[in-house]
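Below: my_file-v7.cif (mmCIF, C-alpha atoms)
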data_final
loop_
_atom_site.label_atom_id
_atom_site.label_comp_id
_atom_site.auth_asym_id
_atom_site.auth_seq_id
_atom_site.Cartn_x
_atom_site.Cartn_y
_atom_site.Cartn_z
CA MET A 1 15.57 16.57 41.27
CA GLY A 2 19.33 17.04 41.26
CA GLU A 3 21.00 19.83 39.31
CA LYS A 4 22.66 17.26 37.05
CA ASN A 5 19.30 15.93 35.88
CA LYS A 6 17.52 19.26 35.71
CA LYS A 7 15.48 19.66 32.55
CA ILE A 8 16.16 22.82 30.55
CA THR A 9 12.50 23.03 29.63
CA GLU A 10 11.59 23.20 33.34
CA SER A 11 14.24 25.74 34.32
CA ALA A 12 13.21 29.16 35.65
CA SER A 13 12.19 31.91 33.27
CA ARG A 14 14.69 34.68 32.66
CA TYR A 15 11.93 37.15 33.52
CA GLU A 16 10.42 37.96 36.91
CA ASN A 17 7.12 39.46 38.09
CA LEU A 18 5.30 38.82 34.82
CA GLU A 19 1.98 39.89 36.31
CA LYS A 20 3.41 43.39 36.89
CA MET A 21 4.60 43.90 33.30
CA PRO A 22 2.62 46.23 31.02
CA VAL A 23 1.09 44.46 28.02
CA GLY A 24 3.57 46.01 25.62
CA GLU A 25 6.51 44.76 27.66
CA LEU A 26 5.00 41.27 27.91
CA LEU A 27 4.61 41.08 24.15
CA HIS A 28 8.09 42.47 23.48
CA ASN A 29 9.71 39.93 25.80
CA ILE A 30 7.74 36.98 24.42
CA ASN A 31 8.72 38.05 20.91
CA ARG A 32 12.36 38.37 21.99
CA GLU A 33 12.30 34.78 23.20
CA ASP A 34 10.47 33.53 20.11
CA LYS A 35 13.19 34.96 17.86
CA THR A 36 15.69 32.50 19.33
CA VAL A 37 13.75 29.43 18.17
CA PRO A 38 14.76 29.32 14.47
CA ASP A 39 18.42 29.59 15.52
CA ALA A 40 18.00 26.56 17.78
CA VAL A 41 16.44 24.61 14.92
CA GLU A 42 19.20 25.68 12.53
CA LYS A 43 21.79 24.05 14.79
CA ILE A 44 20.21 20.61 14.32
CA LEU A 45 19.68 20.74 10.54
CA PRO A 46 22.34 18.02 9.97
CA GLN A 47 20.43 15.65 12.28
CA ILE A 48 17.12 16.44 10.59
CA GLU A 49 18.72 15.78 7.20
CA LEU A 50 19.95 12.35 8.29
CA PHE A 51 16.52 11.43 9.60
CA VAL A 52 14.60 12.67 6.53
CA THR A 53 16.97 10.81 4.22
CA ALA A 54 16.41 7.54 6.09
CA ALA A 55 12.65 8.10 6.35
CA LEU A 56 12.30 8.95 2.65
CA GLU A 57 13.98 5.69 1.69
CA ARG A 58 11.28 3.80 3.60
CA MET A 59 8.39 5.92 2.38
CA LYS A 60 9.43 5.37 -1.24
CA LYS A 61 8.92 1.67 -0.53
CA GLY A 62 5.44 2.25 0.87
CA GLY A 63 6.26 3.02 4.49
CA ARG A 64 4.02 5.25 6.55
CA LEU A 65 4.95 8.10 8.89
CA PHE A 66 3.55 8.12 12.42
CA TYR A 67 3.70 10.89 15.00
CA ILE A 68 3.01 10.16 18.66
CA GLY A 69 2.86 12.54 21.60
CA ALA A 70 0.87 13.80 24.57
CA GLY A 71 -0.71 17.20 25.17
CA THR A 72 0.70 20.01 23.04
CA SER A 73 3.22 17.66 21.42
CA GLY A 74 0.49 15.23 20.41
CA ARG A 75 -1.67 18.02 19.01
CA LEU A 76 1.20 19.37 16.92
CA GLY A 77 1.73 15.93 15.39
CA ILE A 78 -1.95 15.60 14.58
CA VAL A 79 -2.02 19.06 12.96
CA ASP A 80 0.93 18.19 10.73
CA ALA A 81 -0.44 14.77 9.80
CA SER A 82 -3.94 16.05 9.07
CA GLU A 83 -2.61 18.72 6.70
CA CYS A 84 -0.70 16.31 4.44
CA PRO A 85 -3.68 14.89 2.46
CA PRO A 86 -5.23 18.27 1.54
CA THR A 87 -1.87 19.94 0.87
CA PHE A 88 -0.12 17.18 -1.03
CA GLY A 89 -2.93 14.90 -2.19
CA VAL A 90 -1.57 11.86 -0.37
CA PRO A 91 -4.04 9.26 0.92
CA GLN A 92 -5.37 9.38 4.46
CA GLY A 93 -3.26 7.06 6.58
CA LEU A 94 0.09 7.77 4.95
CA VAL A 95 0.91 10.26 7.73
CA VAL A 96 -0.80 9.50 11.04
CA GLY A 97 -0.88 11.54 14.25
CA ILE A 98 -1.61 9.80 17.55
CA ILE A 99 -2.21 11.53 20.89
CA ALA A 100 -2.30 10.13 24.43
CA GLY A 101 -5.91 9.87 25.55
CA GLY A 102 -7.32 9.49 22.03
CA ASP A 103 -8.98 12.02 19.77
CA SER A 104 -10.90 13.66 22.64
CA ALA A 105 -7.53 14.83 23.97
CA ILE A 106 -7.13 17.05 20.91
CA ARG A 107 -9.57 19.50 22.48
CA LYS A 108 -9.49 18.65 26.18
CA ALA A 109 -6.60 17.38 28.29
CA VAL A 110 -7.00 13.79 29.48
CA GLU A 111 -5.58 13.43 32.98
CA PHE A 112 -2.58 11.11 33.37
CA ALA A 113 -2.91 9.72 29.83
CA GLU A 114 0.74 10.53 29.17
CA ASP A 115 1.89 8.41 32.12
CA ASP A 116 0.89 5.02 30.65
CA LEU A 117 4.03 3.26 29.39
CA GLN A 118 2.15 0.58 27.40
CA GLN A 119 -0.73 2.50 25.84
CA GLY A 120 1.28 4.23 23.10
CA TRP A 121 2.29 0.94 21.50
CA LYS A 122 -1.26 -0.37 21.85
CA ASP A 123 -2.55 2.70 20.02
CA LEU A 124 -0.01 2.19 17.24
CA GLN A 125 -0.96 -1.46 16.84
CA GLU A 126 -4.48 -0.38 15.94
CA HIS A 127 -2.90 0.96 12.76
CA GLN A 128 -0.90 -2.25 12.15
CA ILE A 129 2.40 -0.39 12.37
CA ASN A 130 5.20 -2.56 10.97
CA ALA A 131 8.91 -2.69 10.21
CA GLY A 132 8.48 -0.71 6.99
CA ASP A 133 7.11 2.32 8.82
CA ILE A 134 8.57 5.36 10.61
CA LEU A 135 7.66 6.66 14.07
CA ILE A 136 8.47 10.10 15.47
CA GLY A 137 8.03 10.53 19.20
CA ILE A 138 7.35 14.14 20.19
CA ALA A 139 7.93 15.24 23.80
CA ALA A 140 9.31 18.62 24.81
CA SER A 141 10.50 17.18 28.13
CA GLY A 142 11.86 14.03 26.54
CA GLY A 143 10.51 11.94 29.37
CA THR A 144 6.84 11.25 28.55
CA PRO A 145 6.18 7.55 29.38
CA TYR A 146 3.46 7.20 26.72
CA VAL A 147 5.95 8.24 24.04
CA LEU A 148 8.97 6.41 25.45
CA GLY A 149 7.13 3.10 25.69
CA ALA A 150 5.93 3.41 22.10
CA LEU A 151 9.43 4.21 20.82
CA GLU A 152 11.00 1.31 22.67
CA MET A 153 8.52 -1.22 21.30
CA ALA A 154 8.71 0.28 17.82
CA LYS A 155 12.49 -0.15 17.73
CA LYS A 156 12.15 -3.76 18.88
CA ASN A 157 9.81 -4.35 15.95
CA GLY A 158 12.09 -2.82 13.32
CA VAL A 159 10.33 0.54 12.95
CA LEU A 160 12.61 3.49 12.13
CA THR A 161 12.36 5.95 15.02
CA GLY A 162 12.98 9.64 15.52
CA GLY A 163 12.47 11.77 18.59
CA ILE A 164 11.82 15.51 18.90
CA THR A 165 12.62 16.96 22.32
CA CYS A 166 14.04 20.19 23.71
CA ASN A 167 16.02 18.51 26.49
CA PRO A 168 19.44 17.14 25.49
CA GLY A 169 20.33 13.92 27.28
CA SER A 170 16.69 13.12 28.06
CA PRO A 171 15.41 9.51 27.81
CA LEU A 172 13.83 10.25 24.41
CA THR A 173 17.26 10.96 22.93
CA GLU A 174 18.41 7.51 24.02
CA LYS A 175 15.32 5.63 22.79
CA ALA A 176 15.15 7.10 19.27
CA ASP A 177 17.36 6.10 16.33
CA TYR A 178 17.53 9.80 15.41
CA ALA A 179 17.37 12.40 18.18
CA LEU A 180 16.26 15.85 17.00
CA VAL A 181 16.94 18.25 19.87
CA PRO A 182 16.41 22.00 19.34
CA VAL A 183 17.53 23.53 22.65
CA VAL A 184 15.42 26.67 23.13
CA GLY A 185 16.19 27.28 26.80
CA PRO A 186 13.82 28.35 29.57
CA GLU A 187 10.28 29.32 28.65
CA PHE A 188 8.92 32.85 29.21
CA VAL A 189 6.43 31.36 31.65
CA THR A 190 8.45 28.76 33.53
CA GLY A 191 7.75 25.26 32.19
CA SER A 192 5.14 26.37 29.63
CA THR A 193 6.46 24.25 26.78
CA ARG A 194 3.52 25.17 24.55
CA MET A 195 5.54 28.32 23.85
CA LYS A 196 9.13 28.15 22.51
CA SER A 197 9.37 24.37 22.69
CA GLY A 198 6.07 23.99 20.85
CA THR A 199 7.19 26.47 18.20
CA ALA A 200 10.45 24.55 17.70
CA GLN A 201 8.57 21.26 17.38
CA LYS A 202 6.22 22.81 14.80
CA LEU A 203 9.14 24.10 12.73
CA VAL A 204 10.85 20.71 12.76
CA LEU A 205 7.62 18.91 11.82
CA ASN A 206 7.08 21.37 8.95
CA MET A 207 10.57 20.58 7.66
CA ILE A 208 10.17 16.82 7.95
CA SER A 209 6.77 16.45 6.29
CA THR A 210 7.39 19.04 3.58
CA SER A 211 10.77 17.65 2.55
CA LEU A 212 9.37 14.11 2.56
CA MET A 213 6.40 15.10 0.39
CA ILE A 214 8.73 16.87 -2.06
CA GLY A 215 10.92 13.75 -2.09
CA LEU A 216 7.85 11.67 -2.90
CA GLY A 217 7.13 13.87 -5.93
CA ARG A 218 4.14 15.73 -4.48
CA VAL A 219 5.45 19.17 -5.46
CA LYS A 220 6.27 20.34 -8.98
CA GLY A 221 8.50 23.40 -9.27
CA ASN A 222 7.30 25.13 -6.12
CA ARG A 223 3.61 24.27 -6.42
CA MET A 224 1.21 21.94 -4.62
CA VAL A 225 0.03 20.28 -7.82
CA ASP A 226 -1.78 17.45 -6.02
CA MET A 227 -3.65 19.56 -3.43
CA GLN A 228 -7.27 18.75 -2.75
CA LEU A 229 -9.72 21.25 -4.25
CA SER A 230 -11.83 21.49 -1.11
CA ASN A 231 -12.90 25.15 -1.25
CA ASN A 232 -13.21 28.10 -3.63
CA LYS A 233 -9.87 29.58 -2.58
CA LEU A 234 -8.05 26.39 -3.52
CA VAL A 235 -9.92 26.05 -6.81
CA ASP A 236 -8.86 29.61 -7.65
CA ARG A 237 -5.26 28.87 -6.63
CA GLY A 238 -5.23 25.72 -8.76
CA THR A 239 -6.68 27.61 -11.72
CA ARG A 240 -3.93 30.21 -11.51
CA MET A 241 -1.28 27.50 -11.29
CA ILE A 242 -2.57 26.05 -14.55
CA MET A 243 -2.62 29.51 -16.14
CA ASP A 244 1.03 30.04 -15.21
CA GLU A 245 2.11 26.59 -16.35
CA LEU A 246 0.23 26.46 -19.67
CA GLY A 247 -0.15 30.11 -20.61
CA VAL A 248 -3.93 29.83 -21.00
CA ASP A 249 -6.58 32.26 -19.74
CA TYR A 250 -8.50 31.89 -16.48
CA GLU A 251 -11.64 30.44 -18.05
CA LYS A 252 -9.70 27.76 -19.93
CA ALA A 253 -7.59 26.90 -16.89
CA ASN A 254 -10.67 26.63 -14.70
CA ALA A 255 -12.36 24.35 -17.21
CA LEU A 256 -9.28 22.10 -17.35
CA LEU A 257 -9.20 21.90 -13.57
CA ALA A 258 -12.87 20.95 -13.44
CA GLU A 259 -12.35 18.30 -16.11
CA PHE A 260 -9.25 16.64 -14.69
CA GLY A 261 -9.69 17.24 -10.93
CA SER A 262 -6.14 18.29 -10.05
CA VAL A 263 -3.49 20.71 -11.25
CA ARG A 264 -1.08 17.90 -12.12
CA LYS A 265 -3.65 15.93 -14.16
CA ALA A 266 -4.91 19.05 -15.89
CA VAL A 267 -1.42 20.10 -17.02
CA GLU A 268 -0.51 16.57 -18.11
CA GLY A 269 -3.84 16.09 -19.88
CA TYR A 270 -3.59 19.37 -21.78
CA LYS A 271 -0.02 18.68 -22.89
CA LYS A 272 -1.08 15.30 -24.31
#
Can the structure in the file be given as structure tokens, please?
Amino acid sequence: MGEKNKKITESASRYENLEKMPVGELLHNINREDKTVPDAVEKILPQIELFVTAALERMKKGGRLFYIGAGTSGRLGIVDASECPPTFGVPQGLVVGIIAGGDSAIRKAVEFAEDDLQQGWKDLQEHQINAGDILIGIAASGGTPYVLGALEMAKKNGVLTGGITCNPGSPLTEKADYALVPVVGPEFVTGSTRMKSGTAQKLVLNMISTSLMIGLGRVKGNRMVDMQLSNNKLVDRGTRMIMDELGVDYEKANALLAEFGSVRKAVEGYKK
């Protein structure tokens, strides 16, 4: 590979002889590298804003948000997608994460799954993706065939596309309508993009999904008023939200939550 086309994410670590470092030094140096990630994300906030604005316009009209990736990138998309229904009370299927190799790849790597140029679009078609939807391709390297093929076909079919990569000038930046490129530099362990690159991708995904859900009205004030009450901790949190909003005691708030099933409905029902 020529120097001109060298991927930043594959460039040599700034640190040598890692196996000889004491544990404390290893941790200090990893932490030093991790601290640079939010700064890299900050530099692309204008690009993220443009993408979220365009995506929100589609989602307000019923569009869905898809994430697609391989390996770590695919898992990060699935994590973000799977957390939207319980956190914001949106239906399953509004935000969808897809990983090369299928759901089994969430736990165990599937060899060469990321190298199939056609399979990504095939996987998306199982969800009847259409021109009203949004697709974000996630690939630290920016060159994953599974993701690139999906993005190319999505664009041809009118889907709004974004791409998250840590390599400027990579093929992903050319395929996506909106390229989101936090440049985090070499990894502590050379090429281990599960580290800084993965952290950057997670931060960007947090921003995208959270700002979209707020734009869709799924947060009131600063509270998750539509969250699913799936365990005792969340029931307690919801009860305390109602207490704060209505000025009632814990017992009354808890009874309202049990009656109406969500913080939003309980507050609205009480005020009526």
Stretch 58-113 of chain A near stretch 160-174 of chain A within 10 Å: what's each residue's closest atom pair and its distance in Å to one decimal, counting only C-alpha atoms, ordered by chain then ascending residue number, as a Markdown table?
| residue | atom | partner | partner_atom | distance |
| --- | --- | --- | --- | --- |
| A:Arg58 | CA | A:Leu160 | CA | 8.6 |
| A:Gly63 | CA | A:Leu160 | CA | 9.9 |
| A:Leu65 | CA | A:Leu160 | CA | 9.5 |
| A:Phe66 | CA | A:Thr161 | CA | 9.4 |
| A:Tyr67 | CA | A:Gly162 | CA | 9.4 |
| A:Ile68 | CA | A:Gly163 | CA | 9.6 |
| A:Gly69 | CA | A:Ile164 | CA | 9.8 |
| A:Ser73 | CA | A:Ile164 | CA | 9.2 |
Could you save the residues just selected, with C-alpha atoms, as a PDB file, in the frame of the given file?
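Dumped to again-v1.pdb:
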ATOM      1  CA  ARG A  58      11.280   3.800   3.600  1.00  0.00           C
ATOM      2  CA  GLY A  63       6.260   3.020   4.490  1.00  0.00           C
ATOM      3  CA  LEU A  65       4.950   8.100   8.890  1.00  0.00           C
ATOM      4  CA  PHE A  66       3.550   8.120  12.420  1.00  0.00           C
ATOM      5  CA  TYR A  67       3.700  10.890  15.000  1.00  0.00           C
ATOM      6  CA  ILE A  68       3.010  10.160  18.660  1.00  0.00           C
ATOM      7  CA  GLY A  69       2.860  12.540  21.600  1.00  0.00           C
ATOM      8  CA  SER A  73       3.220  17.660  21.420  1.00  0.00           C
TER       9      SER A  73
END
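Evaluating the PyMOL selection byres ((chain A and resi 77) around 9) against the shown model yields Phe66, Tyr67, Ile68, Gly69, Thr72, Ser73, Gly74, Arg75, Leu76, Ile78, Val79, Asp80, Ala81, Ser82, Val96, Gly97, Ile98, Ile99, Ile136, Ile138, Gln201, Lys202 and Leu205 of chain A.
Nearest to A:Met241 of all the residues A:Gln228, A:Val267, A:Pro186, A:Ala54 is A:Val267, based on all atoms listed in the file.
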remark   = For A:Thr9, the closest of A:Gly215, A:Gly221, A:Gly191, A:Gly261 counting all atoms listed in the file is A:Gly191
task = Determine, counting all atoms listed in the file, which protein, DNA and RNA residues have an atom within 6 Å of an atom of A:Ala266; residues of the same chain fewer than 6 positions away are not included. Present the result as a PyMOL selection string.
result = chain A and resi 256-257+260
Preceding selection exported with C-alpha atoms as a PDB file, in the frame of the given file:
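File again_1.pdb, as written:
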ATOM      1  CA  LEU A 256      -9.280  22.100 -17.350  1.00  0.00           C
ATOM      2  CA  LEU A 257      -9.200  21.900 -13.570  1.00  0.00           C
ATOM      3  CA  PHE A 260      -9.250  16.640 -14.690  1.00  0.00           C
TER       4      PHE A 260
END
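Of the listed residues (A:Lys271, A:His28, A:Lys252, A:Arg64), A:Arg64 comes nearest to A:Gln128; the distances count only C-alpha atoms.
Atom CA of A:Gly132 to atom CA of A:Thr53 spans 14.6 Å [interatomic distance, one decimal].
All residues of protein, DNA or RNA that reach within 12 Å of A:Ser211, judged by all atoms listed in the file and not counting those fewer than 6 positions away in the chain, are A:Ile48, A:Glu49, A:Phe51, A:Val52, A:Thr53, A:Ala55, A:Leu56, A:Met59, A:Cys84, A:Phe88, A:Val204, A:Leu205, A:Gly217, A:Arg218, A:Val219, A:Asn222.
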Once the PyMOL selection byres ((chain A and resi 122) around 12) is applied to the coordinates I shared, what remains selected? I want it as a tab-separated table (two decimals) with C-alpha atoms, keeping the file's coordinate frame.
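expr06.tsv was written with the following content:
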chain	number	residue	atom	x	y	z
A	68	ILE	CA	3.01	10.16	18.66
A	98	ILE	CA	-1.61	9.80	17.55
A	99	ILE	CA	-2.21	11.53	20.89
A	100	ALA	CA	-2.30	10.13	24.43
A	101	GLY	CA	-5.91	9.87	25.55
A	102	GLY	CA	-7.32	9.49	22.03
A	116	ASP	CA	0.89	5.02	30.65
A	117	LEU	CA	4.03	3.26	29.39
A	118	GLN	CA	2.15	0.58	27.40
A	119	GLN	CA	-0.73	2.50	25.84
A	120	GLY	CA	1.28	4.23	23.10
A	121	TRP	CA	2.29	0.94	21.50
A	123	ASP	CA	-2.55	2.70	20.02
A	124	LEU	CA	-0.01	2.19	17.24
A	125	GLN	CA	-0.96	-1.46	16.84
A	126	GLU	CA	-4.48	-0.38	15.94
A	127	HIS	CA	-2.90	0.96	12.76
A	128	GLN	CA	-0.90	-2.25	12.15
A	129	ILE	CA	2.40	-0.39	12.37
A	146	TYR	CA	3.46	7.20	26.72
A	147	VAL	CA	5.95	8.24	24.04
A	149	GLY	CA	7.13	3.10	25.69
A	150	ALA	CA	5.93	3.41	22.10
A	151	LEU	CA	9.43	4.21	20.82
A	153	MET	CA	8.52	-1.22	21.30
A	154	ALA	CA	8.71	0.28	17.82
query = Out of A:Lys7, A:Arg237, A:Lys156, A:Lys20, which residue has the shortest atom-to-atom distance to A:Asp177 when counting only C-alpha atoms?
reply = A:Lys156
Exercise: A:Thr199 partners within 9 Å, all atoms listed in the file, chain neighbours under 6 positions left out, as a PyMOL selection string = chain A and resi 34+37-38+193
task = Kindly resolve the PyMOL selection byres ((chain A and resi 240) around 12) on the present coordinates and return the residues as a PyMOL selection string.
result = chain A and resi 223-225+233-239+241-257+263+267
Put those residues in a file: C-alpha atoms, as a PDB file, in the coordinates of the input.
ATOM      1  CA  ARG A 223       3.610  24.270  -6.420  1.00  0.00           C
ATOM      2  CA  MET A 224       1.210  21.940  -4.620  1.00  0.00           C
ATOM      3  CA  VAL A 225       0.030  20.280  -7.820  1.00  0.00           C
ATOM      4  CA  LYS A 233      -9.870  29.580  -2.580  1.00  0.00           C
ATOM      5  CA  LEU A 234      -8.050  26.390  -3.520  1.00  0.00           C
ATOM      6  CA  VAL A 235      -9.920  26.050  -6.810  1.00  0.00           C
ATOM      7  CA  ASP A 236      -8.860  29.610  -7.650  1.00  0.00           C
ATOM      8  CA  ARG A 237      -5.260  28.870  -6.630  1.00  0.00           C
ATOM      9  CA  GLY A 238      -5.230  25.720  -8.760  1.00  0.00           C
ATOM     10  CA  THR A 239      -6.680  27.610 -11.720  1.00  0.00           C
ATOM     11  CA  MET A 241      -1.280  27.500 -11.290  1.00  0.00           C
ATOM     12  CA  ILE A 242      -2.570  26.050 -14.550  1.00  0.00           C
ATOM     13  CA  MET A 243      -2.620  29.510 -16.140  1.00  0.00           C
ATOM     14  CA  ASP A 244       1.030  30.040 -15.210  1.00  0.00           C
ATOM     15  CA  GLU A 245       2.110  26.590 -16.350  1.00  0.00           C
ATOM     16  CA  LEU A 246       0.230  26.460 -19.670  1.00  0.00           C
ATOM     17  CA  GLY A 247      -0.150  30.110 -20.610  1.00  0.00           C
ATOM     18  CA  VAL A 248      -3.930  29.830 -21.000  1.00  0.00           C
ATOM     19  CA  ASP A 249      -6.580  32.260 -19.740  1.00  0.00           C
ATOM     20  CA  TYR A 250      -8.500  31.890 -16.480  1.00  0.00           C
ATOM     21  CA  GLU A 251     -11.640  30.440 -18.050  1.00  0.00           C
ATOM     22  CA  LYS A 252      -9.700  27.760 -19.930  1.00  0.00           C
ATOM     23  CA  ALA A 253      -7.590  26.900 -16.890  1.00  0.00           C
ATOM     24  CA  ASN A 254     -10.670  26.630 -14.700  1.00  0.00           C
ATOM     25  CA  ALA A 255     -12.360  24.350 -17.210  1.00  0.00           C
ATOM     26  CA  LEU A 256      -9.280  22.100 -17.350  1.00  0.00           C
ATOM     27  CA  LEU A 257      -9.200  21.900 -13.570  1.00  0.00           C
ATOM     28  CA  VAL A 263      -3.490  20.710 -11.250  1.00  0.00           C
ATOM     29  CA  VAL A 267      -1.420  20.100 -17.020  1.00  0.00           C
TER      30      VAL A 267
END
request  = Record the distance separating atom CA of A:Lys175 and atom CA of A:Val41, expressed in Å with one decimal.
outcome  = 20.6 Å
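Among the candidate residues A:Arg264, A:Pro182, A:Leu45, A:Ile8, the one lying nearest to A:Met207 is A:Leu45, with distances computed using all atoms listed in the file.
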